[in-house]
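Novice: Compact mmCIF, C-alpha atoms, saved as query_4.txt, coming up:
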```
# COMPACT_ATOMS: atom_id res chain seq x y z
CA MET A 1 16.67 0.11 6.24
CA ASP A 2 13.60 2.35 5.99
CA LEU A 3 11.51 1.10 3.06
CA SER A 4 9.10 4.01 3.44
CA LYS A 5 11.85 5.99 1.69
CA LYS A 6 11.51 5.34 -2.02
CA ASP A 7 15.25 5.13 -2.75
CA GLU A 8 15.69 2.51 -0.04
CA LEU A 9 12.63 0.60 -1.27
CA LYS A 10 14.20 0.49 -4.72
CA ALA A 11 17.64 -0.56 -3.43
CA TYR A 12 16.34 -3.25 -1.09
CA TRP A 13 14.15 -5.07 -3.60
CA ASN A 14 16.68 -4.73 -6.42
CA SER A 15 19.21 -6.47 -4.19
CA TYR A 16 16.65 -9.06 -3.08
CA VAL A 17 15.82 -10.09 -6.65
CA GLN A 18 19.46 -10.07 -7.74
CA LYS A 19 20.37 -12.47 -4.91
CA TRP A 20 17.44 -14.68 -5.89
CA ALA A 21 18.60 -14.80 -9.52
CA LYS A 22 22.04 -16.14 -8.51
CA ASP A 23 20.61 -19.13 -6.64
CA PRO A 24 16.79 -19.27 -6.32
CA GLU A 25 16.60 -22.18 -3.89
CA LYS A 26 19.34 -20.85 -1.63
CA HIS A 27 17.74 -17.43 -1.46
CA PHE A 28 14.31 -18.89 -0.74
CA ARG A 29 15.77 -20.82 2.22
CA HIS A 30 17.66 -17.79 3.50
CA ASP A 31 16.54 -16.06 6.71
CA GLU A 32 15.82 -12.93 4.70
CA ASN A 33 12.78 -14.76 3.30
CA VAL A 34 10.33 -14.68 6.20
CA PHE A 35 7.80 -16.71 4.23
CA LYS A 36 9.91 -19.88 4.16
CA LYS A 37 8.36 -20.87 7.50
CA ILE A 38 4.79 -20.76 6.11
CA SER A 39 4.49 -24.50 5.49
CA ASN A 40 0.81 -24.64 4.44
CA ILE A 41 1.43 -22.57 1.29
CA LYS A 42 3.40 -24.13 -1.55
CA PHE A 43 5.62 -21.37 -2.92
CA ASP A 44 7.66 -21.73 -6.11
CA PRO A 45 11.26 -20.62 -5.43
CA PHE A 46 12.08 -20.74 -9.16
CA ALA A 47 9.54 -18.07 -10.12
CA LEU A 48 10.55 -14.41 -10.03
CA PRO A 49 9.57 -12.84 -6.70
CA GLU A 50 7.42 -9.79 -7.41
CA PRO A 51 7.28 -7.47 -4.36
CA TYR A 52 5.59 -4.56 -6.15
CA PHE A 53 4.54 -3.18 -9.52
CA GLY A 54 4.22 0.42 -10.65
CA ASP A 55 5.95 3.76 -10.24
CA PRO A 56 6.17 4.95 -6.62
CA GLU A 57 6.54 8.55 -7.82
CA HIS A 58 3.63 8.77 -10.28
CA ASN A 59 0.64 6.47 -9.80
CA SER A 60 -3.14 6.56 -9.57
CA VAL A 61 -3.52 4.80 -6.22
CA VAL A 62 -1.77 2.28 -3.99
CA ILE A 63 -3.38 -1.17 -3.98
CA LEU A 64 -2.54 -4.04 -1.65
CA ASN A 65 -2.37 -7.57 -3.02
CA TYR A 66 -1.87 -10.87 -1.21
CA ASN A 67 0.84 -12.31 -3.46
CA PRO A 68 1.61 -12.52 -7.21
CA GLY A 69 -0.57 -15.62 -7.63
CA PRO A 70 -0.01 -18.74 -9.74
CA VAL A 71 3.20 -19.15 -11.71
CA MET A 72 3.36 -18.51 -15.45
CA ASP A 73 6.66 -20.14 -16.41
CA VAL A 74 6.74 -18.42 -19.78
CA TYR A 75 7.15 -15.10 -17.95
CA GLN A 76 8.54 -15.79 -14.48
CA HIS A 77 10.89 -18.78 -14.70
CA TYR A 78 14.35 -17.87 -13.43
CA LYS A 79 16.09 -18.99 -16.64
CA ARG A 80 13.68 -18.95 -19.56
CA GLY A 81 10.92 -16.57 -18.44
CA LYS A 82 10.38 -13.45 -20.59
CA PHE A 83 10.59 -11.21 -17.52
CA ILE A 84 14.20 -12.43 -17.21
CA THR A 85 15.29 -12.94 -20.82
CA GLU A 86 13.56 -9.87 -22.30
CA ALA A 87 12.73 -7.45 -19.50
CA LYS A 88 15.88 -8.09 -17.39
CA ALA A 89 13.93 -8.01 -14.13
CA ASP A 90 16.78 -9.87 -12.43
CA GLN A 91 19.19 -7.03 -13.19
CA ASP A 92 17.07 -4.00 -12.23
CA TYR A 93 13.72 -4.93 -10.74
CA TYR A 94 12.75 -1.28 -10.21
CA GLU A 95 13.04 -0.38 -13.90
CA PHE A 96 11.19 -3.56 -14.85
CA ALA A 97 8.32 -2.96 -12.40
CA LYS A 98 8.05 0.80 -12.89
CA ALA A 99 6.03 0.51 -16.13
CA PHE A 100 3.64 -2.07 -14.56
CA PRO A 101 4.36 -4.64 -17.32
CA TYR A 102 1.14 -6.59 -16.68
CA LEU A 103 -0.77 -3.52 -17.89
CA LYS A 104 1.47 -2.73 -20.86
CA LYS A 105 3.89 -4.96 -22.79
CA TYR A 106 2.87 -8.17 -21.04
CA LYS A 107 -0.87 -7.59 -20.68
CA ASN A 108 -2.13 -10.41 -22.93
CA ASN A 109 -2.09 -13.16 -20.33
CA PRO A 110 -4.21 -14.14 -17.31
CA GLY A 111 -2.17 -11.89 -15.02
CA GLY A 112 -2.64 -8.90 -17.33
CA LYS A 113 -6.37 -9.49 -17.61
CA TRP A 114 -6.66 -9.81 -13.83
CA TRP A 115 -4.83 -6.53 -13.21
CA ASN A 116 -6.85 -4.77 -15.88
CA THR A 117 -10.06 -5.45 -13.94
CA ARG A 118 -8.42 -3.74 -10.95
CA ARG A 119 -7.50 -0.79 -13.10
CA GLN A 120 -11.04 -0.44 -14.46
CA TRP A 121 -12.36 -0.28 -10.90
CA ILE A 122 -9.76 2.35 -9.98
CA ASN A 123 -10.83 4.44 -12.96
CA ARG A 124 -14.42 4.33 -11.67
CA LEU A 125 -13.29 5.34 -8.18
CA SER A 126 -11.64 8.42 -9.65
CA ILE A 127 -15.05 9.77 -10.66
CA HIS A 128 -15.85 10.34 -6.99
CA ALA A 129 -12.75 12.34 -6.09
CA PRO A 130 -13.43 15.85 -4.76
CA TRP A 131 -11.94 17.30 -7.93
CA GLU A 132 -12.18 16.19 -11.56
CA GLN A 133 -9.11 14.13 -12.37
CA HIS A 134 -10.57 11.19 -14.26
CA ASP A 135 -8.49 11.91 -17.38
CA LYS A 136 -5.30 12.01 -15.35
CA ILE A 137 -5.93 8.78 -13.46
CA ILE A 138 -6.67 6.67 -16.53
CA LYS A 139 -3.21 7.63 -17.85
CA TYR A 140 -1.45 6.40 -14.71
CA ALA A 141 -1.07 2.82 -13.52
CA PRO A 142 -1.63 1.98 -9.86
CA PHE A 143 1.18 1.09 -7.49
CA ALA A 144 0.69 -2.46 -6.21
CA MET A 145 2.33 -3.70 -3.00
CA GLU A 146 2.40 -7.46 -2.43
CA ILE A 147 2.01 -8.75 1.12
CA CYS A 148 4.20 -11.66 0.00
CA PRO A 149 6.46 -11.47 -3.10
CA TRP A 150 6.52 -15.23 -3.79
CA HIS A 151 4.23 -17.01 -6.26
CA SER A 152 1.81 -19.75 -5.21
CA ASP A 153 -1.46 -21.26 -6.41
CA GLY A 154 -3.24 -20.14 -3.24
CA PHE A 155 -2.47 -17.74 -0.43
CA LYS A 156 -4.18 -17.43 2.93
CA LEU A 157 -2.60 -16.47 6.24
CA THR A 158 -4.00 -17.50 9.60
CA PRO A 159 -4.24 -14.94 12.42
CA LYS A 160 -1.27 -16.64 14.11
CA GLN A 161 0.82 -16.38 10.94
CA ILE A 162 -0.12 -12.72 10.50
CA ASN A 163 1.09 -11.99 14.02
CA SER A 164 4.39 -13.79 13.37
CA LEU A 165 4.84 -11.69 10.23
CA ALA A 166 3.59 -8.44 11.74
CA ASP A 167 6.96 -6.66 11.76
CA TYR A 168 7.71 -7.65 8.17
CA ILE A 169 4.29 -6.65 6.85
CA THR A 170 4.36 -3.34 8.70
CA GLN A 171 7.89 -2.33 7.71
CA ASN A 172 8.11 -3.84 4.21
CA VAL A 173 4.54 -3.33 2.98
CA LEU A 174 2.30 -0.99 4.96
CA GLU A 175 4.76 1.78 5.84
CA PRO A 176 6.00 2.05 2.21
CA ALA A 177 2.39 1.89 0.96
CA GLU A 178 1.31 4.74 3.23
CA ALA A 179 4.33 6.88 2.32
CA ILE A 180 3.73 6.37 -1.41
CA SER A 181 -0.01 6.99 -1.14
CA LYS A 182 0.63 10.55 0.04
CA SER A 183 1.68 11.45 -3.52
CA SER A 184 -0.84 9.22 -5.31
CA LEU A 185 -3.67 10.84 -7.26
CA LEU A 186 -6.11 8.99 -5.01
CA PRO A 187 -4.42 9.39 -1.60
CA TYR A 188 -5.78 6.28 0.09
CA ILE A 189 -5.00 2.56 -0.13
CA ILE A 190 -7.38 0.00 -1.61
CA SER A 191 -7.74 -3.77 -1.37
CA VAL A 192 -10.10 -6.46 -2.64
CA GLY A 193 -10.89 -9.58 -0.62
CA LYS A 194 -12.32 -10.61 2.75
CA ASP A 195 -8.98 -11.82 4.13
CA TYR A 196 -7.84 -8.22 4.52
CA GLN A 197 -10.45 -7.84 7.26
CA VAL A 198 -8.50 -10.39 9.33
CA LEU A 199 -5.15 -8.83 8.40
CA PHE A 200 -6.27 -5.35 9.47
CA GLN A 201 -7.75 -6.59 12.74
CA GLU A 202 -4.62 -8.54 13.69
CA LEU A 203 -2.36 -5.59 12.92
CA GLY A 204 -4.30 -3.22 15.15
CA PHE A 205 -6.25 -1.25 12.54
CA ARG A 206 -9.44 0.54 13.58
CA GLN A 207 -12.55 0.07 11.47
CA GLU A 208 -13.98 3.51 10.74
CA PHE A 209 -16.92 2.55 8.53
CA ALA A 210 -18.62 -0.55 7.18
CA THR A 211 -21.64 -1.14 4.99
CA GLY A 212 -23.29 -3.99 3.16
CA PRO A 213 -26.50 -5.06 1.40
CA ASP A 214 -28.71 -4.46 4.44
CA ASP A 215 -27.40 -0.95 5.04
CA TYR A 216 -27.56 0.78 1.65
CA SER A 217 -31.19 1.82 1.99
CA GLN A 218 -30.25 4.42 4.59
CA TYR A 219 -28.37 6.31 1.86
CA ASN A 220 -31.39 6.29 -0.46
CA ILE A 221 -29.46 4.15 -2.93
CA GLU A 222 -31.05 1.56 -5.19
CA TYR A 223 -29.16 -1.61 -4.42
CA PRO A 224 -27.54 -3.39 -7.42
CA ARG A 225 -29.24 -6.63 -8.36
CA LYS A 226 -28.47 -9.67 -10.49
CA ALA A 227 -30.37 -10.54 -13.65
CA ASP A 228 -32.68 -12.76 -11.59
CA GLY A 229 -33.56 -9.84 -9.31
CA LYS A 230 -31.56 -11.06 -6.32
CA ARG A 231 -29.26 -8.66 -4.54
CA VAL A 232 -25.55 -8.70 -5.30
CA THR A 233 -23.75 -9.49 -2.06
CA ARG A 234 -20.93 -6.95 -1.68
CA PHE A 235 -19.42 -5.32 1.40
CA TYR A 236 -17.26 -2.24 1.89
CA SER A 237 -15.25 -1.09 4.89
CA ILE A 238 -12.80 1.69 5.69
CA TRP A 239 -9.92 1.18 8.11
CA ARG A 240 -7.33 3.41 9.77
CA SER A 241 -3.89 1.91 10.44
CA PRO A 242 -1.84 2.65 13.58
CA GLY A 243 0.26 4.90 11.32
CA GLY A 244 -2.81 6.89 10.26
CA GLY A 245 -3.21 5.47 6.73
CA ILE A 246 -6.74 5.16 5.34
CA TYR A 247 -7.59 1.84 3.69
CA LEU A 248 -10.67 1.01 1.62
CA ASN A 249 -11.58 -2.67 1.38
CA THR A 250 -14.34 -4.39 -0.55
CA TYR A 251 -15.27 -8.02 -0.97
CA SER A 252 -17.96 -10.36 -2.17
CA PRO A 253 -18.09 -13.70 -0.30
CA GLY A 254 -16.14 -16.45 -2.01
CA SER A 255 -14.69 -14.07 -4.59
CA ASN A 256 -11.63 -11.90 -5.18
CA SER A 257 -13.38 -9.83 -7.85
CA CYS A 258 -13.75 -6.06 -8.09
CA PRO A 259 -17.15 -4.35 -7.83
CA ALA A 260 -19.18 -4.00 -11.01
CA GLY A 261 -20.02 -0.62 -12.49
CA THR A 262 -23.52 -0.88 -10.99
CA PHE A 263 -22.02 0.06 -7.62
CA ILE A 264 -21.13 3.58 -8.74
CA ASP A 265 -23.79 5.23 -6.55
CA VAL A 266 -22.87 3.09 -3.54
CA GLU A 267 -19.21 4.01 -3.97
CA ARG A 268 -20.01 7.71 -4.16
CA VAL A 269 -21.22 7.57 -0.56
CA ILE A 270 -18.25 5.47 0.54
CA ILE A 271 -15.61 7.67 -1.11
CA GLN A 272 -17.15 10.75 0.48
CA LYS A 273 -16.56 9.03 3.81
CA VAL A 274 -12.97 8.20 2.81
CA TYR A 275 -12.24 11.85 2.13
CA SER A 276 -13.87 12.98 5.36
CA LEU A 277 -11.46 10.64 7.20
CA LEU A 278 -8.49 11.88 5.19
CA ASP A 279 -9.50 15.38 6.18
CA GLU A 280 -9.04 14.38 9.82
CA ASN A 281 -5.48 13.23 9.14
CA GLU A 282 -3.17 16.17 9.83
CA SER A 283 -5.82 18.61 8.63
CA PHE A 284 -5.77 16.93 5.21
CA SER A 285 -7.72 18.94 2.66
CA PRO A 286 -8.51 17.59 -0.83
CA ILE A 287 -8.43 21.13 -2.17
CA SER A 288 -5.06 22.06 -0.65
CA TYR A 289 -3.73 18.61 -1.57
CA LEU A 290 -4.56 19.21 -5.22
CA GLU A 291 -2.98 22.64 -5.10
CA LYS A 292 0.24 21.05 -3.84
CA LYS A 293 0.13 18.35 -6.52
CA LYS A 294 -0.84 20.44 -9.52
CA GLY A 295 2.51 19.74 -11.11
CA LEU A 296 1.88 16.00 -10.95
CA LEU A 297 -1.49 16.40 -12.65
CA ASP A 298 -0.58 18.87 -15.37
CA VAL A 299 2.80 20.54 -15.15
CA GLU A 300 2.55 22.63 -18.29
CA ASN A 301 -1.07 23.71 -17.93
CA PRO A 302 -2.11 23.49 -14.29
CA VAL A 303 -5.11 25.67 -15.08
CA ASN A 304 -6.56 22.64 -16.89
CA ASN A 305 -6.99 20.83 -13.58
CA TYR A 306 -10.47 21.17 -12.16
CA THR A 307 -9.90 22.89 -8.83
CA PRO A 308 -13.09 24.10 -7.17
CA LYS A 309 -12.36 26.67 -4.51
CA PRO A 310 -13.56 26.28 -0.93
CA VAL A 311 -16.90 28.05 -0.67
CA SER A 312 -18.92 28.96 2.37
CA THR A 313 -22.01 26.76 2.66
CA LYS A 314 -23.92 29.75 3.99
CA MET A 315 -24.84 31.22 0.62
CA GLN A 316 -27.90 31.97 -1.42
CA ASN A 317 -29.22 29.24 -3.69
CA ILE A 318 -28.68 31.39 -6.75
CA GLN A 319 -25.00 31.82 -5.84
CA ALA A 320 -24.46 28.09 -5.33
CA LEU A 321 -26.18 27.20 -8.60
CA ASN A 322 -24.08 29.64 -10.58
CA ILE A 323 -20.85 28.31 -9.06
CA ILE A 324 -21.82 24.78 -10.08
CA LYS A 325 -22.81 25.97 -13.56
CA GLN A 326 -19.46 27.70 -14.03
CA ALA A 327 -17.55 24.59 -12.92
CA VAL A 328 -19.51 22.40 -15.37
CA GLU A 329 -19.04 24.83 -18.26
CA LYS A 330 -15.31 25.05 -17.60
CA GLU A 331 -15.00 21.27 -17.75
CA ILE A 332 -17.14 21.02 -20.91
CA ASN A 333 -14.95 23.62 -22.61
CA ARG A 334 -11.75 21.88 -21.50
CA LYS A 335 -12.96 18.61 -23.00
CA GLY A 336 -14.20 20.24 -26.20
CA TRP A 337 -17.68 18.81 -25.85
CA SER A 338 -20.77 20.38 -27.43
CA PHE A 339 -23.05 20.35 -24.41
CA PRO A 340 -24.81 23.66 -23.85
CA VAL A 341 -25.74 24.25 -20.22
CA TYR A 342 -29.31 25.48 -20.20
CA PRO A 343 -30.55 28.38 -18.05
CA LEU A 344 -31.08 27.73 -14.40
CA GLU A 345 -34.61 27.53 -13.10
CA HIS A 346 -33.91 28.84 -9.63
CA GLY A 347 -35.98 27.19 -6.93
CA ILE A 348 -37.37 24.47 -9.22
CA GLU A 349 -36.31 20.86 -8.66
CA SER A 350 -34.58 20.45 -12.03
CA VAL A 351 -32.16 23.31 -11.73
CA LEU A 352 -29.35 22.49 -14.14
CA PHE A 353 -29.20 20.33 -17.25
CA ILE A 354 -27.30 19.88 -20.51
CA ARG A 355 -28.55 18.99 -23.98
CA LYS A 356 -27.03 16.73 -26.60
CA GLN A 357 -26.18 18.40 -29.91
CA ASP A 358 -27.69 16.12 -32.54
CA LEU A 359 -25.35 17.32 -35.30
CA SER A 360 -22.15 16.86 -33.33
CA ILE A 361 -22.85 13.63 -31.45
CA SER A 362 -24.04 10.48 -33.13
CA ALA A 363 -25.53 8.46 -30.31
CA PRO A 364 -29.17 7.68 -31.00
CA HIS A 365 -29.48 5.66 -27.79
CA ALA A 366 -28.56 8.65 -25.63
CA THR A 367 -31.30 10.82 -24.19
CA LYS A 368 -31.39 14.36 -25.54
CA THR A 369 -30.97 15.94 -22.13
CA CYS A 370 -29.24 15.09 -18.88
CA GLN A 371 -30.14 16.60 -15.54
CA LEU A 372 -27.02 17.43 -13.56
CA ILE A 373 -28.44 18.90 -10.37
CA GLN A 374 -31.70 18.23 -8.60
CA GLY A 375 -32.63 20.69 -5.92
CA GLY A 376 -34.81 18.30 -3.98
CA LYS A 377 -37.33 20.95 -2.97
CA LYS A 378 -38.74 24.17 -4.26
CA ALA A 379 -37.06 27.14 -2.67
CA ASN A 380 -36.68 30.84 -3.07
CA PRO A 381 -33.45 31.45 -5.04
CA PHE A 382 -32.42 34.00 -2.45
CA ASP A 383 -32.85 31.63 0.48
CA TYR A 384 -29.68 30.59 2.35
CA GLY A 385 -28.36 27.09 2.97
CA PHE A 386 -30.23 25.21 0.22
CA PHE A 387 -26.94 23.75 -1.03
CA ASP A 388 -25.56 22.93 2.39
CA ASP A 389 -22.63 20.97 0.93
CA LEU A 390 -21.59 22.63 -2.31
CA GLN A 391 -18.72 20.20 -2.98
CA VAL A 392 -21.09 17.22 -2.94
CA HIS A 393 -23.28 18.88 -5.57
CA ILE A 394 -20.27 19.75 -7.75
CA ASP A 395 -19.06 16.14 -7.52
CA ARG A 396 -22.50 14.82 -8.42
CA ALA A 397 -22.79 17.16 -11.40
CA MET A 398 -19.36 16.06 -12.65
CA ASP A 399 -20.27 12.38 -12.20
CA ARG A 400 -23.42 12.82 -14.28
CA LEU A 401 -21.60 14.90 -16.89
CA TYR A 402 -19.00 12.17 -17.45
CA ASN A 403 -21.54 9.35 -17.41
CA TYR A 404 -23.63 11.20 -19.99
CA ALA A 405 -20.56 11.83 -22.15
CA ASN A 406 -19.80 8.09 -22.04
CA THR A 407 -23.39 7.33 -23.06
CA CYS A 408 -22.96 9.69 -26.00
CA GLY A 409 -19.85 7.82 -27.13
CA LEU A 410 -17.30 10.44 -26.06
```
Mind turning the file's structure into structure tokens?
Specialist:
Amino acid sequence: MDLSKKDELKAYWNSYVQKWAKDPEKHFRHDENVFKKISNIKFDPFALPEPYFGDPEHNSVVILNYNPGPVMDVYQHYKRGKFITEAKADQDYYEFAKAFPYLKKYKNNPGGKWWNTRRQWINRLSIHAPWEQHDKIIKYAPFAMEICPWHSDGFKLTPKQINSLADYITQNVLEPAEAISKSSLLPYIISVGKDYQVLFQELGFRQEFATGPDDYSQYNIEYPRKADGKRVTRFYSIWRSPGGGIYLNTYSPGSNSCPAGTFIDVERVIIQKVYSLLDENESFSPISYLEKKKGLLDVENPVNNYTPKPVSTKMQNIQALNIIKQAVEKEINRKGWSFPVYPLEHGIESVLFIRKQDLSISAPHATKTCQLIQGGKKANPFDYGFFDDLQVHIDRAMDRLYNYANTCGL
């Protein structure tokens, strides 16, 4: 069975859960459960196995997770759990999981709160995509693939155990994840936790990029700090699987938590690197990818999707500035915001900014203006090559536009 095919993924796990529901202990001991031999982890055979959550057809991003975590009997018990008695997960796991119940009907519990922090991080990552799709992503849930579908209080695999499970993890988790990610709004795979570093190494992944607290200064980024002034210890790395999938991992030592919002500038640099690697995969192009997926973003009004066209970097400053200005004005109009874009001062460092309309926005704490583009040097507007990477400047302008809108309460 090829679980990278979505119909077969659905059929396999529906059958798996149905067999579990008939006799939980018997199914747990069956050879089909490769995790029965992991003796150092205490799994609960009476709790619903949860191999994935989300819609493989329409999702924001694919996220890897170790396992479903501690048991909540009120939801997962094979007889009296709400996932069984109300949601009928034992009859059709696919339909149950498709809506990502931890983020909707069953969100008011520790599991729902935990997944919501993941979703908030994903929403922040969307700001750095090469096109504006933030509104689309916050409407979609992620697609989560569990390395192991069985519940336990703790979960940690040794390198030897990873190697013994290599075929299962590759065929049942990674290959489906990579196939699904090709149609995700963010077409890469994310994970949170240091243990993924070991997993990726043992499975033959190649590390393409890594950065941490001592490296951020090279990107001219102000490193996030705690209230006491000490640096927040957080690491990021990007990996390429043997199958060509691109994986973004982040971790903070001793924690399984997502990055805070203060890492937005750090993540801008990292996501730019992610997309440069995706571009190397089969001539992947974010622009052409969006063109192919317009229907997924906005079927009825594809013109509403922000789709900057590829532009030669060899252009006059005045041309580049006007292209950015037009992109910003289009997005402001689409959102219905009252931000006038003020005239460009060609060749001056502050080259593009917007102003808050005091009558239409009640946000006294927001500054009256927001600079969207900073030229970095004075230059003749008819010089060439000032904006040597136009897409980066469009992305930065969109980031600042959305951050300013949030500050204004929009």
Novice: To one decimal place, how far is CA of His27 in chain A from CA of Asp73 in chain A in Å?
Specialist: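 That distance, rounded to one decimal, is 18.8 Å.
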Novice: Identify, on the basis of all atoms listed in the file, every residue whose closest approach to range 45-58 of chain A does not exceed 6 Å; exclude the query and any residue fewer than 3 positions from it along the same chain; express the result as a PyMOL selection string.
Specialist: chain A and resi 24-25+28+76-78+97-100+143-146+149-150+180
Novice: Do a neighbour search on Ile63 in chain A at 12 Å with only C-alpha atoms, toss out local chain neighbours closer than 6 positions, and write the hits as a PyMOL selection string.
Specialist: chain A and resi 52-54+56+115+118-119+121-122+141-147+173-174+176-178+180-181+184+186-193+196+246-250
Novice: Which residue, A:Lys10, A:Lys113, A:Lys107, A:Lys42, has the smallest gap to Asn172 in chain A when you use only C-alpha atoms?
Specialist: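 Smallest distance to Asn172 in chain A is found for A:Lys10.
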Novice: With distances taken over only C-alpha atoms, which residue among A:Glu175, A:Glu202, A:Asp7, A:Asp215 lies nearest Gln161 in chain A?
Specialist: A:Glu202
Novice: Provide the CA of Tyr66 in chain A to CA of Arg231 in chain A distance in Å, to one decimal place.
Specialist: 27.7 Å
Novice: My list of candidates is A:Gly111, A:Val62, A:Ser152, A:Ser126. Which is closest to Phe43 in chain A when distances are computed with all atoms listed in the file?
Specialist: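 Looking only at the distances to Phe43 in chain A, the closest residue turns out to be A:Ser152.
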Novice: Which residue out of A:Gln197, A:Thr211, A:Asn256, A:Asn220 has the minimum interatomic distance to Phe155 in chain A when all atoms listed in the file are used?
Specialist: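 Of A:Gln197, A:Thr211, A:Asn256, A:Asn220, the one nearest Phe155 in chain A, counting all atoms listed in the file, is A:Asn256.
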Novice: Would you mind listing what lies within 10 Å of Gly261 in chain A as a ChimeraX atom specification, with all atoms listed in the file counted and same-chain residues fewer than 3 positions away left out?
Specialist: /A:120-121,124-125,224,258,264-265,267
Novice: Of the candidates A:His151, A:Arg240, A:Arg225, A:Arg334, which shows the shortest atom-to-atom distance to Gly204 in chain A, using all atoms listed in the file?
Specialist: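 Using all atoms listed in the file, the shortest distance to Gly204 in chain A belongs to A:Arg240.
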